[in-house]
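What's in data23.cif: mmCIF, C-alpha atoms
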data_upload
loop_
_atom_site.label_atom_id
_atom_site.label_comp_id
_atom_site.auth_asym_id
_atom_site.auth_seq_id
_atom_site.Cartn_x
_atom_site.Cartn_y
_atom_site.Cartn_z
CA MET V 263 0.00 0.00 0.00
CA GLN V 264 1.08 3.57 -0.50
CA SER V 265 2.53 5.36 2.51
CA SER V 266 0.17 8.33 2.54
CA SER V 267 -2.90 9.85 0.92
CA THR V 268 -0.56 12.32 -0.81
CA ASP V 269 1.31 9.43 -2.41
CA ILE V 270 -1.84 7.77 -3.73
CA THR V 271 -3.16 11.07 -5.03
CA ALA V 272 0.07 11.68 -6.92
CA LEU V 273 0.08 8.12 -8.22
CA LYS V 274 -3.46 8.39 -9.52
CA SER V 275 -2.69 11.70 -11.16
CA ARG V 276 0.20 10.05 -13.00
CA MET V 277 -2.04 7.13 -13.98
CA ARG V 278 -4.67 9.49 -15.36
CA ASP V 279 -2.02 11.32 -17.39
CA THR V 280 -0.71 7.99 -18.67
CA TRP V 281 -4.10 6.78 -19.92
CA MET V 282 -4.85 10.17 -21.46
CA ALA V 283 -1.57 10.11 -23.39
CA GLY V 284 -1.60 8.92 -26.98
CA ASP V 285 -4.98 7.90 -28.34
CA PHE V 286 -6.30 4.76 -26.68
CA GLY V 287 -9.20 4.68 -29.13
CA GLN V 288 -6.77 3.52 -31.80
CA ILE V 289 -5.66 0.63 -29.57
CA ALA V 290 -9.19 -0.26 -28.46
CA ARG V 291 -10.36 -0.83 -32.04
CA TYR V 292 -8.39 -4.08 -32.06
CA THR V 293 -10.24 -5.53 -29.05
CA GLN V 294 -13.77 -4.52 -30.09
CA LYS V 295 -14.68 -8.03 -31.23
CA ALA V 296 -13.53 -9.53 -27.92
CA ALA V 297 -15.61 -6.95 -26.05
CA GLU V 298 -18.70 -7.69 -28.13
CA ASP V 299 -18.30 -11.42 -27.47
CA PHE V 300 -17.80 -10.77 -23.75
CA VAL V 301 -21.02 -8.77 -23.54
CA THR V 302 -22.96 -11.28 -25.64
CA GLY V 303 -22.02 -13.99 -23.16
CA LEU V 304 -23.51 -11.98 -20.31
CA LYS V 305 -26.95 -12.06 -21.99
CA PHE V 306 -28.21 -8.70 -20.75
CA LYS V 307 -31.96 -8.24 -21.01
CA PRO V 308 -33.46 -4.88 -22.10
CA GLY V 309 -33.64 -2.52 -19.16
CA THR V 310 -30.82 -4.15 -17.18
CA ARG V 311 -28.95 -1.50 -15.21
CA VAL V 312 -25.29 -1.93 -16.16
CA LEU V 313 -22.24 -0.10 -14.83
CA ASP V 314 -19.08 -0.33 -16.94
CA VAL V 315 -16.12 0.48 -14.69
CA ALA V 316 -12.99 1.91 -16.35
CA CYS V 317 -15.00 1.92 -19.57
CA GLY V 318 -12.37 3.57 -21.77
CA THR V 319 -13.78 4.44 -25.18
CA GLY V 320 -16.88 2.30 -24.71
CA ASN V 321 -15.90 -1.10 -26.10
CA THR V 322 -18.04 -2.88 -23.51
CA ALA V 323 -20.63 -0.17 -22.87
CA ILE V 324 -21.61 0.20 -26.53
CA PRO V 325 -22.61 -3.45 -27.19
CA ALA V 326 -24.37 -3.55 -23.79
CA ALA V 327 -26.42 -0.51 -24.85
CA ARG V 328 -27.16 -2.14 -28.19
CA ALA V 329 -28.63 -5.06 -26.24
CA GLY V 330 -31.04 -2.64 -24.59
CA ALA V 331 -29.28 -2.33 -21.25
CA LYS V 332 -29.42 0.93 -19.36
CA VAL V 333 -25.68 1.67 -19.37
CA THR V 334 -23.51 3.95 -17.30
CA GLY V 335 -19.77 4.10 -17.92
CA VAL V 336 -17.06 5.59 -15.69
CA ASP V 337 -13.38 6.19 -16.35
CA ILE V 338 -10.57 8.37 -14.98
CA ALA V 339 -9.60 9.66 -18.43
CA SER V 340 -11.89 12.40 -19.73
CA ASN V 341 -10.65 12.17 -23.32
CA LEU V 342 -11.61 8.49 -23.48
CA LEU V 343 -15.08 9.35 -22.19
CA GLN V 344 -15.45 11.89 -24.98
CA GLN V 345 -14.83 9.14 -27.52
CA ALA V 346 -17.31 6.83 -25.76
CA ARG V 347 -20.00 9.52 -25.84
CA ALA V 348 -19.32 10.17 -29.52
CA ARG V 349 -19.62 6.47 -30.35
CA ALA V 350 -22.92 6.19 -28.46
CA ALA V 351 -24.28 9.31 -30.16
CA GLU V 352 -23.27 8.05 -33.60
CA GLU V 353 -25.31 4.88 -33.03
CA LYS V 354 -28.12 6.79 -31.28
CA LEU V 355 -27.69 4.67 -28.16
CA GLU V 356 -28.79 5.64 -24.66
CA ALA V 357 -25.72 5.55 -22.42
CA GLU V 358 -24.21 7.86 -19.81
CA PHE V 359 -20.49 8.38 -19.30
CA HIS V 360 -18.94 10.05 -16.27
CA GLU V 361 -15.47 10.68 -14.93
CA GLY V 362 -14.95 8.38 -11.97
CA ASP V 363 -12.58 6.25 -9.92
CA ALA V 364 -12.87 2.44 -9.72
CA GLU V 365 -11.70 2.62 -6.11
CA LYS V 366 -14.41 5.09 -5.08
CA LEU V 367 -17.50 4.86 -7.26
CA ALA V 368 -19.99 7.72 -6.95
CA PHE V 369 -23.09 5.52 -6.75
CA THR V 370 -25.25 4.30 -3.90
CA ASP V 371 -25.20 0.71 -2.70
CA GLY V 372 -26.93 -1.77 -5.00
CA SER V 373 -27.52 0.73 -7.81
CA PHE V 374 -26.90 -1.73 -10.65
CA ASP V 375 -28.07 -5.15 -11.79
CA ALA V 376 -24.67 -5.83 -13.34
CA VAL V 377 -21.22 -4.33 -12.85
CA VAL V 378 -18.67 -5.07 -15.56
CA THR V 379 -15.11 -4.12 -16.36
CA MET V 380 -12.93 -5.25 -19.26
CA PHE V 381 -9.18 -4.59 -19.29
CA GLY V 382 -9.92 -1.58 -17.09
CA ALA V 383 -10.37 -1.78 -13.32
CA MET V 384 -7.48 -4.26 -13.18
CA PHE V 385 -5.12 -1.29 -13.51
CA ALA V 386 -6.33 0.55 -10.40
CA PRO V 387 -3.54 0.48 -7.77
CA ARG V 388 -5.55 -0.86 -4.79
CA PRO V 389 -7.32 -4.05 -5.86
CA GLN V 390 -9.06 -4.68 -2.54
CA LEU V 391 -10.83 -1.33 -2.85
CA VAL V 392 -11.80 -2.16 -6.43
CA ALA V 393 -13.27 -5.51 -5.41
CA ALA V 394 -15.20 -3.89 -2.55
CA GLU V 395 -16.61 -1.17 -4.82
CA LEU V 396 -17.65 -3.57 -7.59
CA VAL V 397 -19.55 -5.55 -4.96
CA ARG V 398 -21.01 -2.52 -3.17
CA VAL V 399 -22.70 -0.92 -6.18
CA CYS V 400 -24.11 -4.23 -7.45
CA ARG V 401 -27.47 -5.33 -6.06
CA PRO V 402 -27.58 -8.64 -4.14
CA GLY V 403 -28.08 -11.39 -6.71
CA GLY V 404 -26.71 -9.20 -9.47
CA THR V 405 -23.82 -10.00 -11.81
CA ILE V 406 -20.19 -8.93 -11.40
CA ALA V 407 -18.14 -9.59 -14.53
CA MET V 408 -14.50 -8.89 -15.29
CA ALA V 409 -12.18 -9.55 -18.22
CA ASN V 410 -8.53 -9.36 -17.12
CA TRP V 411 -5.28 -10.06 -18.92
CA THR V 412 -3.48 -13.08 -17.41
CA PRO V 413 0.09 -13.13 -16.05
CA THR V 414 1.09 -15.96 -18.40
CA GLY V 415 -0.60 -14.65 -21.55
CA PHE V 416 0.89 -12.42 -24.23
CA VAL V 417 -0.13 -9.13 -22.60
CA GLY V 418 1.39 -10.35 -19.34
CA GLU V 419 4.63 -10.96 -21.24
CA MET V 420 4.41 -7.51 -22.79
CA PHE V 421 4.07 -5.89 -19.35
CA LYS V 422 7.03 -7.96 -18.05
CA THR V 423 9.14 -6.86 -21.00
CA THR V 424 8.39 -3.21 -20.32
CA ALA V 425 8.99 -3.68 -16.57
CA LYS V 426 12.53 -4.91 -17.24
CA HIS V 427 13.36 -1.48 -18.63
CA VAL V 428 10.98 0.70 -16.58
CA PRO V 429 10.22 -0.98 -13.23
CA PRO V 430 6.71 -0.26 -11.93
CA PRO V 431 6.14 1.02 -8.36
CA ALA V 432 7.23 -1.74 -5.98
CA ASP V 433 4.28 -1.24 -3.64
CA VAL V 434 1.56 -1.54 -6.29
CA PRO V 435 0.30 -5.07 -7.10
CA ALA V 436 0.77 -6.11 -10.71
CA PRO V 437 -2.46 -5.52 -12.68
CA VAL V 438 -2.28 -9.00 -14.24
CA LEU V 439 -2.79 -10.59 -10.81
CA TRP V 440 -6.47 -9.98 -11.58
CA GLY V 441 -5.94 -12.69 -14.21
CA ASP V 442 -5.12 -15.30 -11.54
CA GLU V 443 -8.13 -17.33 -10.32
CA ALA V 444 -6.86 -17.77 -6.75
CA LYS V 445 -6.14 -14.08 -6.39
CA VAL V 446 -9.61 -13.15 -7.67
CA ARG V 447 -11.23 -15.53 -5.16
CA GLU V 448 -9.14 -14.02 -2.37
CA ARG V 449 -10.09 -10.45 -3.28
CA PHE V 450 -13.83 -11.05 -3.52
CA GLY V 451 -14.00 -13.54 -0.63
CA ASP V 452 -17.53 -14.42 0.46
CA LYS V 453 -19.02 -11.31 -1.17
CA VAL V 454 -19.70 -13.28 -4.37
CA THR V 455 -21.04 -16.74 -5.16
CA GLN V 456 -21.26 -18.99 -8.22
CA ILE V 457 -17.98 -17.56 -9.47
CA LYS V 458 -17.00 -18.87 -12.90
CA PHE V 459 -13.64 -18.52 -14.60
CA THR V 460 -12.99 -18.89 -18.32
CA ARG V 461 -9.61 -18.44 -19.97
CA THR V 462 -10.42 -16.82 -23.29
CA PRO V 463 -8.32 -15.98 -26.37
CA CYS V 464 -8.24 -12.49 -27.84
CA THR V 465 -6.74 -12.15 -31.31
CA PHE V 466 -4.74 -9.05 -32.16
CA ASP V 467 -4.67 -8.69 -35.93
CA TYR V 468 -2.68 -5.71 -37.19
CA PRO V 469 -2.25 -4.97 -40.92
CA PHE V 470 1.41 -4.14 -40.48
CA SER V 471 4.71 -5.70 -39.34
CA PRO V 472 5.80 -6.35 -35.72
CA VAL V 473 8.21 -3.41 -35.96
CA THR V 474 5.34 -1.13 -36.97
CA VAL V 475 3.15 -2.60 -34.19
CA VAL V 476 5.72 -1.38 -31.66
CA GLU V 477 5.71 2.05 -33.29
CA PHE V 478 1.90 1.98 -33.20
CA PHE V 479 1.90 1.29 -29.45
CA ARG V 480 4.56 3.95 -28.85
CA ARG V 481 2.34 6.49 -30.57
CA TYR V 482 -1.11 5.55 -29.28
CA PHE V 483 -0.90 3.40 -26.12
CA GLY V 484 -0.42 5.69 -23.11
CA PRO V 485 1.47 3.19 -20.89
CA THR V 486 3.92 2.35 -23.69
CA GLN V 487 4.37 6.00 -24.64
CA THR V 488 5.02 6.89 -20.98
CA ALA V 489 7.51 4.03 -20.52
CA PHE V 490 9.57 5.15 -23.52
CA SER V 491 9.51 8.76 -22.29
CA LYS V 492 11.31 7.70 -19.10
CA LEU V 493 14.30 6.27 -20.99
CA ASP V 494 17.28 7.85 -22.70
CA GLU V 495 18.06 7.15 -26.35
CA ASN V 496 19.90 3.89 -25.65
CA GLY V 497 17.21 2.73 -23.26
CA GLN V 498 14.49 3.43 -25.81
CA ALA V 499 16.38 1.47 -28.45
CA ALA V 500 16.76 -1.50 -26.07
CA LEU V 501 13.08 -1.50 -25.10
CA ALA V 502 12.01 -1.20 -28.73
CA ALA V 503 14.23 -4.14 -29.70
CA ASP V 504 12.81 -6.32 -26.93
CA MET V 505 9.24 -5.41 -27.83
CA GLU V 506 9.85 -6.06 -31.53
CA ASN V 507 11.33 -9.44 -30.66
CA LEU V 508 8.32 -10.30 -28.49
CA TRP V 509 5.79 -9.46 -31.20
CA SER V 510 7.86 -11.26 -33.84
CA ARG V 511 8.20 -14.45 -31.77
CA HIS V 512 4.46 -14.63 -31.19
CA ASN V 513 3.40 -13.58 -34.69
CA GLN V 514 1.31 -16.34 -36.26
CA TYR V 515 1.32 -14.73 -39.70
CA LYS V 516 4.13 -15.85 -41.97
CA GLY V 517 4.94 -12.65 -43.77
CA PRO V 518 6.29 -9.14 -43.15
CA GLU V 519 3.12 -7.14 -43.74
CA ARG V 520 0.82 -8.43 -40.98
CA THR V 521 0.97 -9.29 -37.28
CA VAL V 522 -1.43 -11.78 -35.71
CA VAL V 523 -0.99 -12.61 -32.03
CA THR V 524 -3.27 -14.46 -29.64
CA ALA V 525 -3.51 -13.01 -26.14
CA GLU V 526 -5.24 -14.68 -23.21
CA PHE V 527 -7.59 -13.08 -20.72
CA LEU V 528 -9.56 -14.40 -17.76
CA GLU V 529 -13.32 -13.97 -17.79
CA VAL V 530 -14.71 -13.72 -14.27
CA VAL V 531 -18.48 -13.92 -13.84
CA ALA V 532 -19.95 -14.05 -10.34
CA VAL V 533 -23.16 -13.41 -8.43
CA ARG V 534 -23.19 -10.75 -5.72
CA SER V 535 -23.86 -12.40 -2.36
CA ALA V 536 -26.76 -11.35 -0.17
CA ASN V 537 -24.44 -10.55 2.77
#

Now, as a test, write the supplied structure out as structure tokens.
Amino acid sequence: MQSSSTDITALKSRMRDTWMAGDFGQIARYTQKAAEDFVTGLKFKPGTRVLDVACGTGNTAIPAARAGAKVTGVDIASNLLQQARARAAEEKLEAEFHEGDAEKLAFTDGSFDAVVTMFGAMFAPRPQLVAAELVRVCRPGGTIAMANWTPTGFVGEMFKTTAKHVPPPADVPAPVLWGDEAKVRERFGDKVTQIKFTRTPCTFDYPFSPVTVVEFFRRYFGPTQTAFSKLDENGQAALAADMENLWSRHNQYKGPERTVVTAEFLEVVAVRSAN
């Protein structure tokens, strides 16, 4: 845990700046299909009150709204919310998007029938607070659903590669621990029942080479852009080389003009306990 409220405030400010850097909408386009499939599996009925925590540009909120759910999205990054609102408006969907913190949600207890988060709340620095808030705002008997990158999957490897060059804060749990079944059970405890885990593939399919994929992430993915900014010229070259090697090793496409990589995430679907 962080040593003081000042430390956590500064950390969250840096995190907000990181996610607002670049243009995450460009990155999110390549996980839209996975988000649509995730929402389809939840089988929301029209009128279901859904909260999408750390909603980003709306990858999960938009298909939930298409299904007729009454959707509210929250995120710390205001520029991502602007994109989510624009997407909803373009499709004439009813959805609300607000700036908010996964560790301190601005909603009363039991406000939602379902609380979901995909590749989002896992990045908040205090996972026990996140788990408590996801439970608190969900009605008893409601659904809590997460999609989290796993430690052993490709994205977990990508984070490890970056961490070798730019070590993360030592007192903040690794986000990919949310992709470990035992850790998820520990964090939710007896506040959920009927918890189901599914390890699910997500295909990244980029119409350019692994070298260009790294350039793409450097330009648009806030965490990657921030990591490179902390290194000198030699450090940037070393990180780029390691990232290019990682994407090349995992590329399933035999050719220089396309990159296809399968990443694994953990689907967590649970029922909010009555207690």

Length of the CA of Lys453 in chain V to CA of Asn321 in chain V vector [Å]: 27.1 Å

Result set, the PyMOL selection byres ((chain V and resi 521-534) around 7) on current file, as a count of residues only: 45

Point-to-point distance in Å for CA of Ile324 in chain V and CA of Lys295 in chain V: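 One can read the CA of Lys295 in chain V to CA of Ile324 in chain V distance as 11.7 Å.
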
Within 12 Å of range 492-497 of chain V, which residues of range 362-450 of chain V come that close, and what is the closest atom pair and distance in Å for each? Count all atoms listed in the file and give it as JSON lines.
{"residue": "V:Thr424", "atom": "CA", "partner": "V:Gly497", "partner_atom": "CA", "distance": 11.0}
{"residue": "V:Ala425", "atom": "CA", "partner": "V:Lys492", "partner_atom": "CA", "distance": 11.9}
{"residue": "V:Lys426", "atom": "CA", "partner": "V:Gly497", "partner_atom": "CA", "distance": 10.8}
{"residue": "V:His427", "atom": "CA", "partner": "V:Gly497", "partner_atom": "CA", "distance": 7.3}
{"residue": "V:Val428", "atom": "CA", "partner": "V:Lys492", "partner_atom": "CA", "distance": 7.4}
{"residue": "V:Pro429", "atom": "CA", "partner": "V:Lys492", "partner_atom": "CA", "distance": 10.5}
{"residue": "V:Pro430", "atom": "CA", "partner": "V:Lys492", "partner_atom": "CA", "distance": 11.7}

Length of the CA of Asp337 in chain V to CA of Gly320 in chain V vector [Å]: 9.9 Å

For Asn507 in chain V: contacts at 12 Å, all atoms listed in the file, fewer than 6 positions along chain excluded, given as a list in words: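 The filter keeps Glu419, Met420, Thr423, Ser471, Pro472, Val473, Val475, Val476, Ala500, Leu501 and Asn513 of chain V.
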
Given 6 Å on each side, where is the centre and what are the edge lengths in Å to one decimal of the axis-aligned box enclosing the listed atoms of range 446-461 of chain V, as AutoDock Vina command-line options?
--center_x -15.2 --center_y -14.7 --center_z -9.8 --size_x 24.1 --size_y 20.5 --size_z 32.4

Counting only C-alpha atoms, the option among V:Phe374, V:Tyr292, V:Phe381, V:Trp440 closest to Glu395 in chain V: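 Residue with the minimum atom-to-atom distance to Glu395 in chain V: V:Phe374.
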
Counting all atoms listed in the file, the residue of V:Arg349, V:Val336, V:Glu365, V:Asp279 that sits nearest Arg291 in chain V: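 So, comparing all the options, the nearest one is V:Arg349.
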
Closest of V:Gly330, V:Pro325, V:Gly318, V:Pro431 to Ala383 in chain V - atom-to-atom distances counting only C-alpha atoms: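 Under the stated criterion, the closest residue is V:Gly318.
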
Shell of 9 Å around range 340-346 of chain V, only C-alpha atoms, local chain residues under 4 positions omitted, as a list of chain:residue names: V:Arg278, V:Trp281, V:Met282, V:Asp285, V:Phe286, V:Gly287, V:Cys317, V:Gly318, V:Thr319, V:Gly320, V:Asn321, V:Ala323, V:Ile324, V:Gly335, V:Val336, V:Ala350, V:Ala351, V:Phe359, V:His360, V:Glu361

Test item: the PyMOL selection byres ((chain V and resi 390) around 12) resolved as a VMD selection string: chain V and resid 263 364 to 366 383 to 384 386 to 389 391 to 397 434 to 435 439 to 440 445 to 451

Residue contacts of Ala357 in chain V (7 Å, all atoms listed in the file) excluding same-chain residues fewer than 3 positions away, as a list in words: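 So the residues in contact are Ala327, Lys332, Val333, Thr334 and Ala350 of chain V.
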
Among listed residues V:Thr486, V:Ala376, V:Lys307, V:Asp363, nearest Ile289 in chain V (using only C-alpha atoms):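 Residue with the minimum atom-to-atom distance to Ile289 in chain V: V:Thr486.
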
Among listed residues V:Lys274, V:Gly284, V:Thr293, V:Val315, nearest Glu477 in chain V (using only C-alpha atoms):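 Looking only at the distances to Glu477 in chain V, the closest residue turns out to be V:Gly284.
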
Closest of V:Ala297, V:Lys354, V:Trp509, V:Ala339 to Ala326 in chain V - atom-to-atom distances counting all atoms listed in the file: V:Ala297
